[in-house]
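Here the structure is laid out as structure tokens; the discussion comes afterwards.
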Amino acid sequence: MTAGLAIDYGDVRRDNVAAFIHAALHNPNFSRVIVELTDGVTAAAQAVAQLAKSAGHPNSSQPPENQE
């Protein structure tokens, strides 16, 4: 997927929205960010980690371990 603060309009599948929400809820370094999504090649956890890092969270360079 493509995720960002302001990106070009595009389509996004429901499963990508669900995966992004799941990854965002499980990343403690990601909060209070409004995100736009479209379909793309980046995995949800990586997209969340990249956005958390760009938002100034220093410990967010890697996605968190899967805690399922």
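Residues in the structure tokens are numbered from 1 in each chain, the chains being A, B, ... in the order shown, and ligands are numbered from 1 in the order shown.
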>> Using DSSP assignments from the backbone, pull out every residue in chain A that falls under strand (DSSP E) and give it to me as a PyMOL selection string.
In response: chain A and resi 2-4+36-38
>> as a VMD selection string, please: every residue in chain A that DSSP puts in helix (DSSP H, G or I).
In response: chain A and resid 14 to 25 44 to 54
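Relative to atom CA of A:Asp11, atom CA of A:Ser54 is found at 23.5 Å.
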> Using only C-alpha atoms, which residue out of A:Ala6, A:Val48, A:Val12, A:Ala43 lies closest to A:His26?
Replying inline: A:Val48
> Out of A:Ala52, A:Asp39, A:Ile34, A:Ile21, which residue has the shortest atom-to-atom distance to A:Tyr9 when counting only C-alpha atoms?
Replying inline: A:Asp39
>> When you count only C-alpha atoms, which of these residues is closest to A:Ala55: A:Thr38, A:Asn16, A:Thr2, A:Asn29?
In response: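 Selected residue with least distance to A:Ala55: A:Asn29.
Within 10 Å of A:Ala47, once only C-alpha atoms are used and residues closer than 3 positions along the same chain are dropped, the contacting residues are Met1, Thr2, Ala3, Gly4, Phe20, Ala23, Ala24, Leu37, Val41, Thr42, Ala43, Ala44, Gln50, Leu51, Ala52, Lys53 and Pro63 of chain A.
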> Between atom CA of A:Phe30 and atom CA of A:Arg14, what is the spacing in Å?
Replying inline: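 That distance, rounded to one decimal, is 20.7 Å.
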>> Just to confirm, what's the straight-line distance from atom CA of A:Val33 to atom CA of A:Ala19 in Å (one decimal)?
In response: 16.4 Å
